[in-house]
Every structure is written in structure tokens, then in C-alpha cells.
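This report concerns only the one structure given below.
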Amino acid sequence: MSLRTLFHFAVAAHYWFGCWYDWNYVVIPKRVHNMGESFGFSGKFKFLTYWNACLQSMFFTICFLNDIIGTNENIPKKTPWIRKLKDTILCTLAFPISMFVGLSFWGIYLLDRELIFPKAISPYFPHWLNHLMHTHIMVTILIEMCLSCCRSCNHSHNLESFLL
């Protein structure tokens, strides 16, 4: 198994565990902050941060599968479907949404923490999970951009996919 394959497996497992932990164990009581009320019917899916963590879980799983059954060649003779899927998701969803979530979270956090992550919810939301959802997403996707040979990215097609 190559270092790239181990990286993809470890990152996918990391994100899957984070999503599972957040879904099952992070409960913010309504008495602590009104954010607890917003979970309601659709739960954590009201937050782009959670959507993005789920997307990263799926994306890095696809990267891992591409390492096993696809190809990572710069210019393959025939590009496998899983490689096309990986490249399209990377260029249209995984990279832009990760950077938006991470940069907007930390930008707002630096201006006024209470606007985005109030101190009252800190005891209920572990620090490691906060960094998984808002820091690791940028680091791992930037590493993937460096590892990836994303030559099949068609910018007009990617813009159309992103806008959908």
C-alpha cells in the first residue's frame, strides 16, 4: 500500500469518525444556547459545516477507492470512471466548499467568536471536533490538491456543477 493510499484511508476514517461522533454525541442543550433549538427537525444538516464534513468523508473514500481500482497517472490512456468522479468532486465541491467553510469560520471567529462559536457551547463541542470540522478540512484538501493530478478539470463544466 502506498503512502498516498494510507493518507486517503486515514483521512476518510478520520472524517467518518468525526461525523459519527458529532451526530451521536454532540448535544447542545437548549438552556445553554439557542443553537440547540436549531437542531430540531433536520438536525445538524442545517449547518454547512456538517454537510462539508460528510462530503469530505465521501470524497476521501472515493480517493481511497481510486487508489485501489483506479489510476493516479498524470495522463492515463483511458481515464477510469472513479478517477473522473474524484476529479470532478475535487474541483467542483470538495475544494471550494472546504475553503469557504474553513476561511469563513476562522475569519468570523477572529472578529467575534460569539457570532459563530459561542463560549457557552465549548463544553459540549470537543476542541478536536471543532478543528476537524474547520481546520483539518482545509489542510487535508490542500494536501490532496498537491497530490492530485487534476488535469481533467474543465472549468466551465465545474462552474456548472458547482452552481447546481
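Naming scheme: A, B, ... for chains in displayed order of the C-alpha cells; residues 1 onward per chain; ligands 1 onward as shown.
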Taking only residues of region 76-140 of chain A that have an atom at most 7 Å from an atom of region 51-58 of chain A, what is each one's shortest atom pair and its distance in Å to one decimal, using only C-alpha atoms, in chain and number order, as a tab-separated table?
```
residue	atom	partner	partner_atom	distance
A:Ala94	CA	A:Gln56	CA	6.5
A:Ile97	CA	A:Asn52	CA	6.8
A:Ser98	CA	A:Asn52	CA	6.6
A:Met133	CA	A:Ala53	CA	6.2
```
Point to revise | Counting only C-alpha atoms, the residue of A:Leu111, A:His14, A:Leu3, A:Tyr124 that sits nearest Thr61 (chain A) | key: A:His14
Review point. Counting only C-alpha atoms, which of A:Ile28, A:Ile108, A:Leu93, A:Leu132 gets nearest to Tyr15 (chain A)?
Key: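 Of the candidates, the smallest distance to Tyr15 (chain A) is held by A:Leu132.
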Exercise for review: Give the helix (DSSP H, G or I) residues of chain A, as DSSP finds them on the backbone, and put them as a PyMOL selection string.
Suggested key: chain A and resi 3-25+35-39+43-46+48-69+81-111+113-116+119-124+127-147+155-163
Check your understanding: Smallest atom-to-atom distance to Leu103 (chain A): which of A:Ile121, A:Ile82, A:Leu65, A:Ile137, using only C-alpha atoms?
Key ->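 Of the candidates, the smallest distance to Leu103 (chain A) is held by A:Ile137.
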Practice item. Show which residues sit within 12 Å of Pro126 (chain A), as an NGL selection string. Count only C-alpha atoms, and ignore same-chain residues fewer than 3 positions away. Key: :A and (18 or 21-22 or 25-28 or 117 or 119 or 121-123 or 129-133)
Would you export the selected residues with N, CA and C atoms as a compact mmCIF listing (two decimals), in the first residue's frame, please?
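Okay, this is what ended up in part.txt:
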```txt
# COMPACT_ATOMS: atom_id res chain seq x y z
N GLY A 18 -15.46 11.51 12.80
CA GLY A 18 -15.90 12.83 13.25
C GLY A 18 -17.39 13.06 13.01
N TYR A 21 -19.33 10.79 15.43
CA TYR A 21 -19.26 11.29 16.80
C TYR A 21 -20.15 12.52 16.96
N ASP A 22 -20.06 13.44 16.01
CA ASP A 22 -20.88 14.66 16.08
C ASP A 22 -22.36 14.30 16.08
N TYR A 25 -23.01 12.09 19.64
CA TYR A 25 -22.61 12.51 20.97
C TYR A 25 -22.63 14.00 21.24
N VAL A 26 -22.64 14.83 20.23
CA VAL A 26 -22.65 16.27 20.46
C VAL A 26 -24.09 16.74 20.57
N VAL A 27 -24.46 17.08 21.79
CA VAL A 27 -25.81 17.58 22.07
C VAL A 27 -25.67 18.88 22.84
N ILE A 28 -26.16 19.95 22.27
CA ILE A 28 -26.11 21.25 22.93
C ILE A 28 -27.49 21.52 23.53
N PHE A 117 -19.16 30.66 17.21
CA PHE A 117 -18.91 29.54 18.12
C PHE A 117 -18.88 30.08 19.56
N LYS A 119 -18.86 30.81 23.50
CA LYS A 119 -18.16 30.13 24.59
C LYS A 119 -19.07 29.18 25.35
N ILE A 121 -21.11 27.03 24.28
CA ILE A 121 -21.22 25.68 23.71
C ILE A 121 -19.90 24.92 23.72
N SER A 122 -18.81 25.57 24.10
CA SER A 122 -17.50 24.90 24.12
C SER A 122 -17.46 23.61 24.94
N PRO A 123 -18.09 23.55 26.12
CA PRO A 123 -18.05 22.29 26.88
C PRO A 123 -18.77 21.13 26.18
N LEU A 129 -12.97 18.08 17.58
CA LEU A 129 -14.02 18.04 16.57
C LEU A 129 -14.16 19.40 15.89
N ASN A 130 -13.99 20.47 16.65
CA ASN A 130 -14.01 21.81 16.07
C ASN A 130 -12.90 21.94 15.02
N HIS A 131 -11.71 21.46 15.35
CA HIS A 131 -10.61 21.54 14.39
C HIS A 131 -10.80 20.59 13.21
N LEU A 132 -11.40 19.44 13.44
CA LEU A 132 -11.70 18.53 12.33
C LEU A 132 -12.64 19.22 11.35
N MET A 133 -13.67 19.88 11.86
CA MET A 133 -14.70 20.49 11.02
C MET A 133 -14.26 21.80 10.37
```
Check your understanding: From the set A:Ala120, A:Ile62, A:Cys146, A:Leu48, which residue has the shortest atom-to-atom contact distance to Lys30 (chain A), counting only C-alpha atoms?
Key -> A:Ala120
Point to revise | All residues 9 Å or closer to Cys63 (chain A), only C-alpha atoms, same chain fewer than 2 positions away omitted, as a list in words | key: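 So the residues in contact are Thr5, His8, Phe9, Ala12, Met58, Phe59, Phe60, Thr61, Leu65, Asn66, Asp67, Ile68, Ile82, Arg83 and Lys86 of chain A.
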Those same residues - C-alpha atoms - I'd like them written as a PDB file, in the first residue's frame.
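The file below, result.pdb, is the result:
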```
ATOM      1  CA  THR A   5      -3.370   5.226  -0.237  1.00  0.00           C
ATOM      2  CA  HIS A   8      -6.596   8.674   1.832  1.00  0.00           C
ATOM      3  CA  PHE A   9      -7.691   5.818   4.097  1.00  0.00           C
ATOM      4  CA  ALA A  12     -11.531   9.154   5.222  1.00  0.00           C
ATOM      5  CA  MET A  58     -17.296  10.577   0.916  1.00  0.00           C
ATOM      6  CA  PHE A  59     -14.655  12.353  -1.175  1.00  0.00           C
ATOM      7  CA  PHE A  60     -11.679  10.788   0.611  1.00  0.00           C
ATOM      8  CA  THR A  61     -13.389   7.393   0.446  1.00  0.00           C
ATOM      9  CA  LEU A  65     -11.133   3.577  -3.930  1.00  0.00           C
ATOM     10  CA  ASN A  66      -9.426   5.349  -6.835  1.00  0.00           C
ATOM     11  CA  ASP A  67      -6.052   4.358  -5.374  1.00  0.00           C
ATOM     12  CA  ILE A  68      -7.177   0.722  -5.340  1.00  0.00           C
ATOM     13  CA  ILE A  82     -13.832   6.676 -10.491  1.00  0.00           C
ATOM     14  CA  ARG A  83     -10.948   8.997 -11.388  1.00  0.00           C
ATOM     15  CA  LYS A  86     -12.860  12.074  -7.943  1.00  0.00           C
TER      16      LYS A  86
END
```
Check your understanding: In Å, with one decimal, what is the gap from CA of Arg31 (chain A) to CA of Phe125 (chain A)?
Key -> 15.2 Å
**Study point:** Residues near Gly102 (chain A), cut-off 7 Å, only C-alpha atoms, skip fewer than 3 positions along chain, as a list of chain:residue names
**Key:**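 Everything that qualifies: A:Ser98, A:Met99, A:Phe105, A:Trp106, A:His134, A:Thr135, A:Met138.
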Exercise for review: Point out the residue among A:Tyr109, A:Phe95, A:Trp128, A:Phe17 with the least atom-to-atom distance to Met145 (chain A), counting only C-alpha atoms.
Suggested key: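 When distances to Met145 (chain A) are compared using only C-alpha atoms, the smallest one comes from A:Phe95.
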